[in-house]
>>> print(open('final_2.txt').read())   # compact mmCIF, C-alpha atoms
# COMPACT_ATOMS: atom_id res chain seq x y z
CA MET A 174 -33.85 -4.97 -22.79
CA ARG A 175 -32.81 -8.05 -20.79
CA ARG A 176 -31.37 -6.50 -17.63
CA PRO A 177 -32.59 -2.94 -16.96
CA CYS A 178 -30.66 -0.48 -14.80
CA ASP A 179 -31.72 -0.67 -11.14
CA ARG A 180 -31.40 3.09 -10.84
CA CYS A 181 -33.07 4.66 -13.87
CA GLY A 182 -34.84 1.59 -15.27
CA GLU A 183 -34.41 3.08 -18.73
CA ARG A 184 -31.18 1.61 -20.08
CA GLU A 185 -29.49 -1.79 -20.01
CA ALA A 186 -27.29 -2.47 -16.97
CA VAL A 187 -23.55 -2.77 -17.65
CA VAL A 188 -22.01 -3.28 -14.22
CA ARG A 189 -22.91 -4.76 -10.86
CA ILE A 190 -21.98 -2.60 -7.85
CA GLU A 191 -22.19 -5.04 -4.93
CA SER A 192 -21.81 -2.34 -2.28
CA LEU A 193 -25.04 -0.76 -3.56
CA GLY A 194 -26.74 -4.05 -4.31
CA GLU A 195 -27.46 -2.60 -7.76
CA SER A 196 -26.67 -3.21 -11.40
CA ILE A 197 -26.46 0.10 -13.23
CA CYS A 198 -26.33 1.39 -16.81
CA ASP A 199 -23.60 3.32 -18.64
CA LYS A 200 -25.21 6.72 -17.94
CA CYS A 201 -25.71 6.09 -14.22
CA LEU A 202 -22.13 4.74 -13.94
CA SER A 203 -20.72 7.77 -15.72
CA THR A 204 -22.67 10.14 -13.43
CA ARG A 205 -21.59 8.19 -10.32
CA ILE A 206 -17.89 8.37 -11.28
CA TRP A 207 -17.94 12.02 -12.37
CA ARG A 208 -19.55 12.96 -9.03
CA ARG A 209 -16.46 11.53 -7.32
CA VAL A 210 -13.85 12.85 -9.73
CA LYS A 211 -15.04 16.42 -10.33
CA PRO A 212 -14.82 17.62 -6.70
CA VAL A 213 -11.16 16.55 -6.61
CA LEU A 214 -10.45 18.49 -9.82
CA ASP A 215 -12.47 21.51 -8.60
CA ARG A 216 -10.43 21.57 -5.40
CA GLU A 217 -6.98 20.81 -6.81
CA ILE A 218 -6.80 22.60 -10.17
CA GLN A 219 -6.41 26.35 -10.42
CA ASP A 220 -5.96 28.79 -13.31
CA GLY A 221 -2.38 28.75 -14.53
CA ASP A 222 -1.67 25.18 -13.40
CA VAL A 223 0.33 22.82 -15.58
CA ILE A 224 -0.92 19.31 -14.82
CA ALA A 225 1.43 16.44 -15.63
CA SER A 226 -0.73 13.37 -16.16
CA ALA A 227 1.23 10.21 -15.41
CA LEU A 228 0.30 8.01 -18.35
CA SER A 229 1.37 4.36 -18.41
CA GLY A 230 -1.16 3.50 -21.10
CA GLY A 231 -3.15 1.31 -18.70
CA LYS A 232 -6.87 1.84 -18.07
CA ASP A 233 -6.57 3.97 -14.91
CA SER A 234 -3.96 6.47 -16.07
CA SER A 235 -5.70 6.72 -19.46
CA LEU A 236 -9.04 7.41 -17.79
CA THR A 237 -7.39 10.03 -15.55
CA LEU A 238 -6.03 11.82 -18.62
CA TYR A 239 -9.44 11.65 -20.26
CA TYR A 240 -11.10 13.24 -17.17
CA LEU A 241 -8.47 16.01 -17.05
CA TRP A 242 -9.12 16.71 -20.72
CA ARG A 243 -12.90 16.71 -20.13
CA TYR A 244 -12.54 18.99 -17.10
CA LYS A 245 -10.44 21.46 -19.12
CA LYS A 246 -13.18 21.56 -21.76
CA GLU A 247 -16.08 21.91 -19.33
CA SER A 248 -14.77 23.89 -16.36
CA GLY A 249 -13.60 27.04 -18.11
CA LYS A 250 -10.43 26.98 -16.02
CA ASP A 251 -7.25 27.99 -17.78
CA PHE A 252 -4.71 25.23 -17.25
CA GLU A 253 -2.40 23.05 -19.33
CA ILE A 254 -2.11 19.27 -19.51
CA ILE A 255 0.98 17.29 -20.43
CA ALA A 256 1.08 13.49 -20.42
CA ILE A 257 4.26 11.83 -19.17
CA THR A 258 5.13 8.18 -19.76
CA ILE A 259 8.05 6.53 -18.00
CA ASP A 260 9.30 3.54 -19.99
CA GLU A 261 10.75 0.97 -17.57
CA GLY A 262 12.00 -1.10 -20.47
CA THR A 263 9.76 -4.15 -19.94
CA CYS A 264 8.40 -5.95 -23.01
CA TYR A 265 4.90 -5.39 -21.67
CA ARG A 266 5.37 -1.61 -21.80
CA ALA A 267 5.62 -1.52 -25.62
CA GLU A 268 1.90 -2.14 -26.15
CA SER A 269 0.81 0.27 -23.43
CA ILE A 270 3.03 3.02 -24.88
CA SER A 271 1.43 2.55 -28.27
CA LYS A 272 -2.03 2.92 -26.63
CA ALA A 273 -0.81 6.00 -24.74
CA LYS A 274 0.36 7.59 -28.00
CA GLU A 275 -3.01 6.84 -29.61
CA LEU A 276 -4.88 8.47 -26.72
CA THR A 277 -2.76 11.63 -26.53
CA SER A 278 -2.98 12.09 -30.26
CA ARG A 279 -6.77 11.65 -30.16
CA LEU A 280 -7.13 14.19 -27.30
CA GLY A 281 -4.50 16.58 -28.70
CA VAL A 282 -2.43 16.47 -25.52
CA LYS A 283 1.36 16.98 -25.47
CA HIS A 284 3.08 13.66 -24.65
CA LYS A 285 6.58 13.12 -23.28
CA ILE A 286 8.02 9.58 -23.16
CA VAL A 287 11.20 9.06 -21.14
CA LYS A 288 13.22 5.87 -20.68
CA MET A 289 13.93 5.00 -17.05
CA SER A 290 17.44 3.87 -18.00
CA ASP A 291 18.20 7.37 -19.36
CA ILE A 292 17.58 8.79 -15.86
CA PHE A 293 18.95 6.11 -13.52
CA ALA A 294 21.21 3.96 -15.70
CA PHE A 295 19.05 0.94 -14.76
CA SER A 296 16.05 -0.49 -16.59
CA ILE A 297 13.65 -2.82 -14.75
CA PRO A 298 14.67 -5.92 -16.76
CA GLN A 299 18.28 -5.19 -15.73
CA VAL A 300 17.19 -4.92 -12.08
CA GLN A 301 15.33 -8.22 -12.47
CA VAL A 302 18.47 -9.96 -13.69
CA LEU A 303 20.52 -8.56 -10.80
CA LEU A 304 17.87 -9.61 -8.26
CA SER A 305 17.73 -13.12 -9.64
CA LYS A 306 21.46 -13.44 -8.94
CA GLY A 307 21.64 -11.51 -5.66
CA ARG A 308 20.16 -12.26 -2.26
CA LYS A 309 18.25 -9.07 -1.49
CA LYS A 310 14.97 -9.46 0.30
CA ARG A 311 13.06 -6.92 -1.74
CA ASP A 312 10.48 -7.32 -4.50
CA LEU A 313 11.06 -6.10 -8.03
CA CYS A 314 7.88 -3.99 -7.77
CA THR A 315 9.45 -2.04 -4.88
CA TYR A 316 12.38 -0.97 -7.07
CA CYS A 317 10.09 -0.24 -10.01
CA GLY A 318 7.72 1.90 -7.89
CA VAL A 319 10.50 3.94 -6.28
CA PHE A 320 12.35 4.54 -9.56
CA ARG A 321 9.14 5.41 -11.40
CA ARG A 322 7.96 7.89 -8.75
CA GLN A 323 11.22 9.81 -8.78
CA ALA A 324 11.51 9.70 -12.59
CA LEU A 325 8.02 11.11 -12.86
CA ASN A 326 8.81 13.93 -10.44
CA ILE A 327 12.02 14.80 -12.31
CA VAL A 328 10.36 14.87 -15.76
CA ALA A 329 7.30 16.76 -14.47
CA ARG A 330 9.59 19.38 -12.91
CA GLU A 331 11.60 19.72 -16.11
CA GLU A 332 8.36 20.27 -18.02
CA GLY A 333 7.29 23.05 -15.64
CA ALA A 334 4.40 21.09 -14.10
CA THR A 335 2.73 22.45 -10.99
CA LYS A 336 0.90 19.18 -10.15
CA VAL A 337 1.18 15.52 -11.06
CA ALA A 338 -2.06 13.58 -11.58
CA THR A 339 -1.83 9.81 -11.09
CA GLY A 340 -4.34 7.07 -11.89
CA HIS A 341 -4.56 5.53 -8.40
CA ASN A 342 -8.05 4.13 -7.83
CA LEU A 343 -9.88 3.23 -4.61
CA ASP A 344 -8.46 -0.31 -4.61
CA ASP A 345 -4.89 1.00 -4.94
CA MET A 346 -5.45 3.48 -2.11
CA VAL A 347 -6.87 0.90 0.31
CA GLN A 348 -4.09 -1.56 -0.56
CA THR A 349 -1.46 1.10 0.15
CA LEU A 350 -3.10 1.99 3.48
CA PHE A 351 -3.12 -1.65 4.60
CA MET A 352 0.44 -2.23 3.40
CA ASN A 353 1.57 0.75 5.46
CA LEU A 354 -0.43 -0.60 8.40
CA ILE A 355 1.25 -4.02 8.06
CA ARG A 356 4.67 -2.38 7.90
CA GLY A 357 3.77 -0.12 10.83
CA ASP A 358 4.62 2.96 8.76
CA MET A 359 2.16 5.49 10.19
CA SER A 360 4.05 8.42 8.78
CA ALA A 361 3.59 7.07 5.23
CA MET A 362 -0.13 6.73 5.97
CA ALA A 363 -0.26 10.33 7.10
CA ARG A 364 1.57 11.51 3.98
CA LEU A 365 -1.09 9.85 1.83
CA PHE A 366 -3.72 12.20 3.21
CA SER A 367 -1.74 15.35 3.95
CA LYS A 368 -1.02 17.80 1.16
CA SER A 369 2.48 17.14 -0.12
CA PRO A 370 4.69 20.10 0.74
CA SER A 371 5.13 22.01 -2.50
CA THR A 372 8.77 22.87 -2.89
CA ARG A 373 10.90 23.83 -5.82
CA LYS A 374 11.78 20.17 -6.31
CA LEU A 375 8.73 18.16 -5.21
CA ILE A 376 5.67 18.47 -7.43
CA PRO A 377 2.43 17.89 -5.44
CA ARG A 378 0.25 14.96 -6.49
CA ILE A 379 -3.44 14.66 -7.14
CA ARG A 380 -5.40 11.40 -7.45
CA PRO A 381 -8.70 12.06 -9.27
CA LEU A 382 -9.79 8.38 -9.18
CA ALA A 383 -9.02 7.78 -5.49
CA ARG A 384 -12.70 7.14 -4.68
CA VAL A 385 -13.57 5.07 -7.74
CA SER A 386 -13.23 1.26 -7.62
CA GLU A 387 -11.05 -0.58 -10.12
CA LYS A 388 -14.03 -2.48 -11.49
CA GLU A 389 -15.78 0.81 -12.24
CA THR A 390 -12.71 2.38 -13.90
CA THR A 391 -12.35 -0.73 -16.08
CA VAL A 392 -15.96 -0.69 -17.24
CA GLN A 393 -15.90 3.08 -17.78
CA ALA A 394 -12.72 2.92 -19.86
CA LEU A 395 -14.28 0.17 -22.00
CA LEU A 396 -17.54 2.08 -22.46
CA LEU A 397 -15.73 5.28 -23.45
CA GLU A 398 -13.62 3.20 -25.86
CA ILE A 399 -10.49 4.80 -24.48
CA PRO A 400 -7.38 3.34 -26.10
CA ALA A 401 -5.83 1.57 -23.12
CA HIS A 402 -3.82 -1.54 -22.46
CA PHE A 403 -5.76 -3.99 -20.27
CA GLY A 404 -2.89 -6.47 -19.85
CA LYS A 405 -1.12 -6.96 -16.55
CA CYS A 406 2.58 -6.56 -15.84
CA PRO A 407 4.13 -10.03 -16.22
CA LEU A 408 6.63 -9.24 -13.48
CA VAL A 409 4.11 -8.37 -10.75
CA SER A 410 5.10 -9.80 -7.37
CA GLY A 411 5.28 -8.96 -3.71
CA MET A 412 3.20 -7.82 -0.78
CA ARG A 413 0.70 -5.80 -2.82
CA VAL A 414 -0.59 -8.90 -4.62
CA ARG A 415 -1.18 -10.70 -1.33
CA VAL A 416 -2.84 -7.68 0.30
CA ARG A 417 -5.03 -7.19 -2.78
CA LYS A 418 -6.30 -10.76 -2.65
CA LEU A 419 -6.96 -10.50 1.07
CA LEU A 420 -8.91 -7.23 0.69
CA ASP A 421 -10.87 -8.52 -2.32
CA ASP A 422 -11.89 -11.66 -0.41
CA PHE A 423 -13.02 -9.44 2.44
CA GLU A 424 -14.91 -7.13 0.07
CA GLN A 425 -16.74 -10.11 -1.42
CA LYS A 426 -18.02 -11.15 1.98
CA ASN A 427 -18.62 -7.56 3.16
CA PRO A 428 -19.64 -5.46 0.14
CA GLY A 429 -18.61 -1.83 0.57
CA PHE A 430 -15.80 -2.71 2.97
CA LYS A 431 -13.08 -0.94 0.96
CA GLU A 432 -14.98 2.32 0.69
CA ARG A 433 -15.85 2.29 4.39
CA ALA A 434 -12.30 1.34 5.39
CA PHE A 435 -10.87 4.15 3.26
CA LYS A 436 -13.23 6.74 4.74
CA SER A 437 -12.67 5.57 8.34
CA ILE A 438 -8.87 5.46 8.06
CA GLU A 439 -8.88 8.85 6.31
CA LYS A 440 -10.92 10.35 9.17
CA LEU A 441 -8.67 8.85 11.83
CA VAL A 442 -5.41 9.74 10.13
CA LYS A 443 -6.48 13.29 9.27
CA GLN A 444 -7.23 13.97 12.93
CA ALA A 445 -3.85 12.59 13.91
CA ILE A 446 -1.81 14.22 11.12
CA PRO A 447 -0.19 16.94 13.28
CA GLU A 448 1.04 14.23 15.66
CA LEU A 449 2.03 11.73 12.95
CA THR A 450 3.91 14.29 10.88
CA TYR A 451 5.49 16.08 13.86
CA HIS A 452 8.95 14.80 12.97
CA PHE A 453 8.34 14.87 9.23
CA GLU A 454 10.72 17.15 7.47
CA LEU A 455 11.45 17.28 3.77
CA LYS A 456 15.16 17.11 3.09
CA TYR A 457 17.29 16.86 -0.03
CA CYS A 458 19.31 13.74 -0.78
CA LYS A 459 22.97 14.39 -0.06
CA GLN A 460 23.92 12.38 -3.15
CA CYS A 461 21.49 13.41 -5.91
CA GLY A 462 19.72 16.41 -4.37
CA GLU A 463 16.21 15.01 -4.93
CA PRO A 464 13.56 15.52 -2.21
CA THR A 465 13.45 12.82 0.47
CA THR A 466 12.59 12.28 4.12
CA GLN A 467 15.98 10.69 4.81
CA GLU A 468 19.63 11.66 4.33
CA LEU A 469 19.85 9.47 1.24
CA CYS A 470 16.81 9.11 -1.02
CA LYS A 471 15.36 5.66 -1.73
CA VAL A 472 16.61 5.73 -5.34
CA CYS A 473 20.21 6.31 -4.23
CA GLN A 474 19.87 3.62 -1.54
CA PHE A 475 18.54 1.14 -4.11
CA LYS A 476 21.17 2.09 -6.68
CA GLN A 477 23.89 1.34 -4.12
CA GLU A 478 22.27 -2.05 -3.40
CA LEU A 479 22.07 -2.87 -7.10
CA GLU A 480 25.60 -1.70 -7.89
CA ALA A 481 26.84 -3.98 -5.12
CA MET A 482 25.15 -6.90 -6.89
CA ILE A 483 26.92 -6.31 -10.21
CA PRO A 484 29.52 -9.07 -10.57
CA SER A 485 33.03 -7.62 -10.70
CA MET Q 15 -22.06 -24.59 -23.69
CA LYS Q 16 -25.83 -24.39 -22.97
CA VAL Q 17 -26.52 -20.94 -21.66
CA GLN Q 18 -30.33 -20.65 -21.80
CA GLY Q 19 -31.55 -19.38 -18.44
CA ILE Q 20 -28.17 -18.90 -16.82
CA LEU Q 21 -26.57 -15.69 -15.59
CA VAL Q 22 -23.11 -14.33 -16.29
CA SER Q 23 -22.20 -15.19 -12.66
CA ASP Q 24 -23.18 -18.86 -13.27
CA LEU Q 25 -20.93 -18.97 -16.32
CA MET Q 26 -18.11 -17.39 -14.31
CA LYS Q 27 -18.48 -20.11 -11.66
CA ARG Q 28 -18.51 -22.88 -14.28
CA MET Q 29 -15.39 -21.51 -15.93
CA GLY Q 30 -13.55 -20.78 -12.67
CA VAL Q 31 -13.42 -17.03 -13.34
CA SER Q 32 -13.75 -14.73 -10.34
CA PRO Q 33 -15.89 -11.58 -10.49
CA LEU Q 34 -13.28 -10.04 -8.19
CA THR Q 35 -10.69 -10.14 -10.96
CA HIS Q 36 -12.70 -10.25 -14.20
CA ILE Q 37 -15.54 -8.43 -15.90
CA ALA Q 38 -17.68 -9.97 -18.63
CA LEU Q 39 -18.23 -8.56 -22.09
CA VAL Q 40 -21.41 -9.93 -23.67
CA ASN Q 41 -21.45 -9.35 -27.40
CA GLY Q 42 -18.68 -6.80 -26.92
CA ARG Q 43 -20.40 -4.77 -24.20
CA PRO Q 44 -19.76 -4.88 -20.43
CA ALA Q 45 -22.45 -6.84 -18.58
CA PRO Q 46 -23.22 -7.22 -14.86
CA GLU Q 47 -22.93 -10.59 -13.13
CA ASP Q 48 -26.73 -10.86 -12.94
CA TYR Q 49 -27.12 -10.51 -16.72
CA PRO Q 50 -29.23 -13.37 -18.20
CA LEU Q 51 -27.53 -15.06 -21.14
CA LYS Q 52 -29.29 -16.34 -24.23
CA PRO Q 53 -28.16 -18.78 -26.94
CA GLY Q 54 -25.86 -17.12 -29.45
CA ASP Q 55 -24.38 -14.64 -26.96
CA VAL Q 56 -20.62 -14.29 -27.22
CA VAL Q 57 -19.01 -13.85 -23.80
CA ARG Q 58 -15.45 -12.65 -23.20
CA PHE Q 59 -13.82 -12.07 -19.84
CA ILE Q 60 -11.37 -9.26 -19.20
CA MET Q 61 -9.01 -9.50 -16.25
CA PHE Q 62 -8.77 -6.14 -14.47
CA THR Q 63 -6.66 -7.12 -11.48
CA VAL Q 64 -4.17 -9.81 -10.49
CA HIS Q 65 -4.48 -12.10 -7.48
CA LYS Q 66 -1.34 -14.11 -7.90
CA GLU Q 67 2.27 -13.32 -8.54
CA MET Q 68 2.93 -13.54 -12.25
CA GLY Q 69 6.69 -13.74 -12.20
CA GLY Q 70 9.42 -11.44 -11.11
CA VAL Q 71 11.67 -12.54 -8.32
CA ASP Q 72 9.99 -13.52 -5.08
CA LEU Q 73 13.03 -13.73 -2.87
CA GLU Q 74 11.00 -14.25 0.27
CA LYS Q 75 10.32 -17.75 -0.97
CA THR Q 76 13.82 -18.53 -2.16
CA LEU Q 77 15.80 -17.27 0.82
>>> encode(input="final_2.txt", output="structure tokens")
Amino acid sequence: MRRPCDRCGEREAVVRIESLGESICDKCLSTRIWRRVKPVLDREIQDGDVIASALSGGKDSSLTLYYLWRYKKESGKDFEIIAITIDEGTCYRAESISKAKELTSRLGVKHKIVKMSDIFAFSIPQVQVLLSKGRKKRDLCTYCGVFRRQALNIVAREEGATKVATGHNLDDMVQTLFMNLIRGDMSAMARLFSKSPSTRKLIPRIRPLARVSEKETTVQALLLEIPAHFGKCPLVSGMRVRVRKLLDDFEQKNPGFKERAFKSIEKLVKQAIPELTYHFELKYCKQCGEPTTQELCKVCQFKQELEAMIPS
Amino acid sequence: MKVQGILVSDLMKRMGVSPLTHIALVNGRPAPEDYPLKPGDVVRFIMFTVHKEMGGVDLEKTL
């Protein structure tokens, strides 16, 4: 054994966790992650739930589905799992969908694949073409994220889901917090920590990997040999990339920064939630009827913008 | 490349690969940055996150 685990000393180390100053083995990594994931599942999943697992076919959503499946086997709770894949129509999605199919078939989980263009009449490549010709100051990822979120909620609702599980990891969560901070959107920060109001139309979300770093989810997915696509979206752009680089540089110089920042902001925001969400009221879009905080939901606003860009 | 006595992190530096965006697979298995390499080891890097825009339309630059 050339590099023993710093924790158990018994097995070979597979990953370096800088915040701990340790290199740990597959078993210690698995235990460390499960200790963070299981309490979320214990708290959020009840008998009778139907959990829609948002499955892109990437490592994080695939690992989330795997943990839901494992929890169903081990917990004794009586709940159902359905995997939902939203196909944005990008060339990159084809490989991840094939991995998603492989995983759901291996786990014996029902899998629903829906094309984004069947719901909104726009695919992401079509949006990209319109943006390249228009003069809108918005990133492609913003459109993709908004359309995907609503599509997921619609399909989950149609499938009778009571909760939607997403693959957001610690890095995603901290990036979102800082992006909201940069935009000055405190109410969005508060919504990240408050329980989403469960209504007939809005399916509450759970994020089992919210306290697990992206490096750890990657190594764990590889060790478990989970069929997952490790490629990156070729269209990625925008503020998130810049914030990610900034936070990663900071993490390198201050190991453990992300975890501490997440915990501190969570503590602060949770105390201030009643104040921050005082004016928060869930409405229904006057155009499509989907849940929103405004008169017109983001999807309808974006669709209007895009329709205005179509050359007559 | 001579690897006797060097660590995965040294190889990453030499190849311009950041541990913030990549993990190493040594002989097909994930390995920490302080893993000592030996001759004959096959090292592959997997990118797990992106630090630069890969395409799309960055209108902030073009406006």
>>> residues_around(input="final_2.txt", residues="Q:Thr35", least_positions_apart="4", cutoff="6 Å", atoms="all atoms listed in the file", output="PyMOL selection string")
chain Q and resi 61-63
>>> residues_near_point(input="final_2.txt", point="(-7.0, 15.6, -21.0)", cutoff="6 Å", atoms="all atoms listed in the file", output="list in words")
Leu238, Tyr239, Leu241 and Trp242 of chain A
>>> closest_residue(input="final_2.txt", among="A:Arg356, A:Lys405, A:His341, A:Arg243", to="chain Q", atoms="all atoms listed in the file")
A:Lys405
>>> atom_distance(input="final_2.txt", atom1="atom CA of A:Pro377", atom2="atom CA of A:Ala401")
25.4 Å
>>> atom_distance(input="final_2.txt", atom1="atom CA of A:Lys200", atom2="atom CA of A:Arg184")
8.1 Å
>>> closest_residue(input="final_2.txt", among="A:Val347, A:Gly281, A:Asp179, A:Ala434", to="A:Leu193", atoms="all atoms listed in the file")
A:Asp179
>>> atom_distance(input="final_2.txt", atom1="atom CA of A:Lys456", atom2="atom CA of A:Asp358")
18.5 Å
>>> closest_atom_pairs(input="final_2.txt", of="chain A", to="chain Q", cutoff="6 Å", atoms="all atoms listed in the file", output="tab-separated table")
residue	atom	partner	partner_atom	distance
A:Arg176	CA	Q:Tyr49	CA	5.9
A:Val187	CA	Q:Ala45	CA	4.3
A:Val188	CA	Q:Pro46	CA	4.2
A:Arg189	CA	Q:Pro46	CA	4.7
A:Lys310	CA	Q:Leu73	CA	5.7
A:Pro407	CA	Q:Met68	CA	5.4
A:Leu408	CA	Q:Gly70	CA	4.3
A:Val409	CA	Q:Met68	CA	5.5
A:Ser410	CA	Q:Glu67	CA	4.7
A:Val414	CA	Q:His65	CA	5.8
A:Lys418	CA	Q:His65	CA	5.3
>>> residues_around(input="final_2.txt", residues="A:Glu185", least_positions_apart="4", cutoff="7 Å", atoms="all atoms listed in the file", output="ChimeraX atom specification")
/A:174,176-178,198
>>> residues_around(input="final_2.txt", residues="A:Thr465", least_positions_apart="6", cutoff="7 Å", atoms="all atoms listed in the file", output="PyMOL selection string")
chain A and resi 455-458
